[in-house]
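S.K.: Below: one structure in structure tokens.
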Amino acid sequence: MRFLLDTEQRVFAASLDAMLTAADTPSAVRDWSRGEHARGRALWARLAEAGVFGLAVPEEHGGSGAGPADVAVAFVELGRHAVPGPLVETVVAAALLTRPGPAAGRLLPALASGRAMATVAYDGGRALDGDAATVRLAVDGDGLRLAPGHGPVRRSLDPARRLTPLAPGGEILAPGPPAAHALLWGRLATAAQALGVGLALLDRTVAHVRRRVQFGVPVGSFQAVRHRLADARTALEFARPLLFGAALTMTPRDVAAAKTAACEAAYATARTALQLHGAIGYTAEYDLSLWLTKARALRTAWGTPHECRAVVVGGGRRR
């Protein structure tokens, strides 16, 4: 079976790519890492105008209701450009709030329009960018809760992923366990984002080995280098149909398989990129580091490889 984007999806992806290429996202990422959100919020507003945050929101609440496949298309581009912020968590929040409950009409229009930014803490864990988010949701055994605040910020391996605990208490928006629904959307969006990160790392590394010369010839002409890049390309291209296949079925097993394949491919590509760039790849001042750290962080976000593989083989559903 082949999973190909239709014309409208390809145009949407190209428009996001063009917009983000012109937006100087590396500067926004570095500001975000320091807790300076102005550039990131401006970028967020532009993404909202492009319809990104309305993809998972029904039309009656101001979204487009486009569905998981279009979310995957958008998140590949967001990962390709390392856009900062609680992107996955905002989509998860929209999916959770779309379920029957009084909070949908109150919160979803603001999320779809970009006026609100959401984060989600799953099963007692820390929330991403709780200091920047205006809607903070906690998913636990009691259901879906609107947290009243957040605790101190802790930096993760990826400096742009700032983690905070959420304050206890708050309004219960939906009773019952919404955890499975949160995991499904979180893993799908993370897989798409990771695929985009991997593609960016590969493109940047290919460009680097074409420019870098040793022994009078480009490094990219060496057979060992070409084999490493071919392996990275193959892994990413195998992950792509798994991602879009999972977006069509939205079953826990398919989504977990897509997340495993995309995140492992991105992580392997990051290792190849680091090796082929040499010492410069380690420096925080070099833009490559923004994608290297994100590939490592996404690998365990919304489920480790071990946990996702357990779902694929029917052995568990934990995050």
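Order determines the names: the first chain of the structure tokens is A, the second B, and so forth; residues in each chain are numbered 1 upward, and ligands are numbered 1 upward as they are shown.
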May I have the residues within 12 Å of Gly314 of chain A as a list in words, using only C-alpha atoms and disregarding those fewer than 3 positions away in the same chain?
M.R.: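 So the residues in contact are Pro252, Arg253, Asp254, Ala256, Ala257, Glu307, Cys308, Arg309, Ala310, Val311, Arg317 and Arg318 of chain A.
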S.K.: Counting only C-alpha atoms, which residue out of A:Ala179, A:Val73, A:Ala284, A:Ala247 sits closest to Pro26 of chain A?
M.R.: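 Among A:Ala179, A:Val73, A:Ala284, A:Ala247, it is A:Ala284 that comes nearest to Pro26 of chain A.
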S.K.: Counting only C-alpha atoms, which of A:Asp24, A:Asp17, A:Glu237, A:Glu36 gets nearest to Ala50 of chain A?
M.R.: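 Distance minimum relative to Ala50 of chain A lands on A:Asp17.
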S.K.: Nearest to His227 of chain A: which of A:Ala266, A:Val206, A:Ala239, A:Met117 is it, counting only C-alpha atoms?
M.R.: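 Of A:Ala266, A:Val206, A:Ala239, A:Met117, the one nearest His227 of chain A, counting only C-alpha atoms, is A:Val206.
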S.K.: Give me, as a PyMOL selection string, all polymer residues having an atom no more than 12 Å from Ala121 of chain A, counting only C-alpha atoms and skipping those fewer than 4 positions away in the same chain.
M.R.: chain A and resi 86+88-90+92-93+125-130+133+135-140+143-147+149-150+163-168+179+182-183+186+301-302+319
S.K.: Going by DSSP on the backbone, which residues of segment 154-266 of chain A come out as helix (DSSP H, G or I)? List them as an NGL selection string.
M.R.: :A and (179-211 or 219-221 or 223-249 or 252-266)
S.K.: Taking the DSSP secondary structure from the backbone, can you list the residues of segment 164-240 of chain A that are strand (DSSP E), as a list of chain:residue names?
M.R.: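 Filtering segment 164-240 of chain A down to strand (DSSP E) leaves A:Thr164, A:Glu171, A:Ile172, A:Leu173, A:Ala174, A:Pro175, A:Val213, A:Gln214, A:Val217, A:Pro218.
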S.K.: Only all heavy atoms, please: the residues just picked out, written as a PDB file, in the first residue's frame.
M.R.:
```
ATOM      1  N   THR A 164       7.893  21.728  33.520  1.00  0.00           N
ATOM      2  CA  THR A 164       7.390  22.233  34.796  1.00  0.00           C
ATOM      3  C   THR A 164       6.364  21.255  35.367  1.00  0.00           C
ATOM      4  O   THR A 164       5.588  20.660  34.618  1.00  0.00           O
ATOM      5  CB  THR A 164       6.682  23.598  34.634  1.00  0.00           C
ATOM      6  OG1 THR A 164       5.559  23.438  33.758  1.00  0.00           O
ATOM      7  CG2 THR A 164       7.619  24.635  34.064  1.00  0.00           C
ATOM      8  N   GLU A 171     -10.121  22.715  38.142  1.00  0.00           N
ATOM      9  CA  GLU A 171     -11.422  22.273  37.631  1.00  0.00           C
ATOM     10  C   GLU A 171     -11.309  20.938  36.896  1.00  0.00           C
ATOM     11  O   GLU A 171     -10.418  20.748  36.058  1.00  0.00           O
ATOM     12  CB  GLU A 171     -11.960  23.342  36.680  1.00  0.00           C
ATOM     13  CG  GLU A 171     -13.284  23.001  36.020  1.00  0.00           C
ATOM     14  CD  GLU A 171     -13.684  24.026  34.972  1.00  0.00           C
ATOM     15  OE1 GLU A 171     -12.967  25.040  34.836  1.00  0.00           O
ATOM     16  OE2 GLU A 171     -14.712  23.808  34.296  1.00  0.00           O
ATOM     17  N   ILE A 172     -12.209  20.004  37.188  1.00  0.00           N
ATOM     18  CA  ILE A 172     -12.292  18.747  36.450  1.00  0.00           C
ATOM     19  C   ILE A 172     -13.103  19.006  35.183  1.00  0.00           C
ATOM     20  O   ILE A 172     -14.284  19.365  35.246  1.00  0.00           O
ATOM     21  CB  ILE A 172     -12.950  17.640  37.294  1.00  0.00           C
ATOM     22  CG1 ILE A 172     -12.126  17.366  38.549  1.00  0.00           C
ATOM     23  CG2 ILE A 172     -13.099  16.364  36.467  1.00  0.00           C
ATOM     24  CD1 ILE A 172     -10.754  16.803  38.274  1.00  0.00           C
ATOM     25  N   LEU A 173     -12.474  18.840  34.034  1.00  0.00           N
ATOM     26  CA  LEU A 173     -13.139  19.110  32.760  1.00  0.00           C
ATOM     27  C   LEU A 173     -13.873  17.900  32.224  1.00  0.00           C
ATOM     28  O   LEU A 173     -14.882  18.032  31.527  1.00  0.00           O
ATOM     29  CB  LEU A 173     -12.116  19.587  31.726  1.00  0.00           C
ATOM     30  CG  LEU A 173     -11.351  20.863  32.073  1.00  0.00           C
ATOM     31  CD1 LEU A 173     -10.362  21.193  30.976  1.00  0.00           C
ATOM     32  CD2 LEU A 173     -12.316  22.022  32.293  1.00  0.00           C
ATOM     33  N   ALA A 174     -13.324  16.709  32.477  1.00  0.00           N
ATOM     34  CA  ALA A 174     -13.960  15.481  31.997  1.00  0.00           C
ATOM     35  C   ALA A 174     -13.585  14.354  32.946  1.00  0.00           C
ATOM     36  O   ALA A 174     -12.397  14.128  33.191  1.00  0.00           O
ATOM     37  CB  ALA A 174     -13.504  15.153  30.580  1.00  0.00           C
ATOM     38  N   PRO A 175     -14.570  13.650  33.510  1.00  0.00           N
ATOM     39  CA  PRO A 175     -14.259  12.521  34.387  1.00  0.00           C
ATOM     40  C   PRO A 175     -13.832  11.303  33.579  1.00  0.00           C
ATOM     41  O   PRO A 175     -14.003  11.258  32.358  1.00  0.00           O
ATOM     42  CB  PRO A 175     -15.588  12.271  35.101  1.00  0.00           C
ATOM     43  CG  PRO A 175     -16.613  12.719  34.112  1.00  0.00           C
ATOM     44  CD  PRO A 175     -16.012  13.886  33.381  1.00  0.00           C
ATOM     45  N   VAL A 213      36.094  19.524   2.392  1.00  0.00           N
ATOM     46  CA  VAL A 213      37.069  18.869   1.509  1.00  0.00           C
ATOM     47  C   VAL A 213      38.198  18.261   2.336  1.00  0.00           C
ATOM     48  O   VAL A 213      38.724  18.906   3.262  1.00  0.00           O
ATOM     49  CB  VAL A 213      37.641  19.875   0.488  1.00  0.00           C
ATOM     50  CG1 VAL A 213      38.752  19.236  -0.341  1.00  0.00           C
ATOM     51  CG2 VAL A 213      36.531  20.397  -0.414  1.00  0.00           C
ATOM     52  N   GLN A 214      38.540  17.032   2.025  1.00  0.00           N
ATOM     53  CA  GLN A 214      39.726  16.364   2.582  1.00  0.00           C
ATOM     54  C   GLN A 214      40.456  15.653   1.448  1.00  0.00           C
ATOM     55  O   GLN A 214      39.814  15.054   0.568  1.00  0.00           O
ATOM     56  CB  GLN A 214      39.322  15.358   3.659  1.00  0.00           C
ATOM     57  CG  GLN A 214      38.945  15.979   4.988  1.00  0.00           C
ATOM     58  CD  GLN A 214      38.728  14.934   6.077  1.00  0.00           C
ATOM     59  OE1 GLN A 214      38.671  13.740   5.809  1.00  0.00           O
ATOM     60  NE2 GLN A 214      38.613  15.388   7.311  1.00  0.00           N
ATOM     61  N   VAL A 217      39.293  16.331  -2.146  1.00  0.00           N
ATOM     62  CA  VAL A 217      37.977  15.951  -2.677  1.00  0.00           C
ATOM     63  C   VAL A 217      36.919  16.163  -1.597  1.00  0.00           C
ATOM     64  O   VAL A 217      37.235  16.146  -0.401  1.00  0.00           O
ATOM     65  CB  VAL A 217      37.947  14.472  -3.141  1.00  0.00           C
ATOM     66  CG1 VAL A 217      38.903  14.261  -4.308  1.00  0.00           C
ATOM     67  CG2 VAL A 217      38.272  13.540  -1.993  1.00  0.00           C
ATOM     68  N   PRO A 218      35.645  16.334  -1.964  1.00  0.00           N
ATOM     69  CA  PRO A 218      34.586  16.475  -0.955  1.00  0.00           C
ATOM     70  C   PRO A 218      34.468  15.208  -0.109  1.00  0.00           C
ATOM     71  O   PRO A 218      34.593  14.089  -0.615  1.00  0.00           O
ATOM     72  CB  PRO A 218      33.325  16.696  -1.791  1.00  0.00           C
ATOM     73  CG  PRO A 218      33.816  17.193  -3.110  1.00  0.00           C
ATOM     74  CD  PRO A 218      35.132  16.521  -3.331  1.00  0.00           C
TER      75      PRO A 218
END
```
S.K.: Each residue of segment 110-195 of chain A lying at most 12 Å from segment 287-292 of chain A should get a row with its shortest atom-to-atom pair and the distance in Å to one decimal, counting only C-alpha atoms; could you produce that, ordered by chain and increasing number, as a Markdown table?
M.R.:
```
| residue | atom | partner | partner_atom | distance |
| --- | --- | --- | --- | --- |
| A:Leu157 | CA | A:Leu292 | CA | 10.0 |
| A:Asp158 | CA | A:Leu290 | CA | 7.6 |
| A:Pro159 | CA | A:Leu290 | CA | 8.5 |
| A:Ala160 | CA | A:Leu290 | CA | 8.3 |
| A:Arg161 | CA | A:Leu290 | CA | 10.9 |
| A:Gln193 | CA | A:Trp291 | CA | 10.9 |
| A:Ala194 | CA | A:Trp291 | CA | 9.5 |
| A:Leu195 | CA | A:Trp291 | CA | 11.3 |
```
S.K.: Quote the spacing between atom CA of Gly198 of chain A and atom CA of Thr269 of chain A in Å to one decimal place.
M.R.: 6.0 Å
S.K.: Report, in Å with one decimal, the straight-line distance from atom CA of Ala261 of chain A to atom CA of Arg240 of chain A.
M.R.: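 We find that atom CA of Ala261 of chain A and atom CA of Arg240 of chain A lie 8.7 Å from each other.
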S.K.: In Å, how far is it from atom CA of Leu43 of chain A to atom CA of Leu298 of chain A?
M.R.: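 Pair atom CA of Leu43 of chain A / atom CA of Leu298 of chain A returns 20.9 Å.
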S.K.: Have a look at A:Leu16, A:Ala66, A:Leu55, A:Ala265 and name the one nearest to Val197 of chain A; count only C-alpha atoms.
M.R.: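 Under the stated criterion, the closest residue is A:Ala265.
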S.K.: Counting only C-alpha atoms, which residue out of A:Gly196, A:Thr190, A:Glu285, A:Ala22 sits closest to Ala297 of chain A?
M.R.: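 Checking each candidate against Ala297 of chain A, we get A:Thr190 as the closest.
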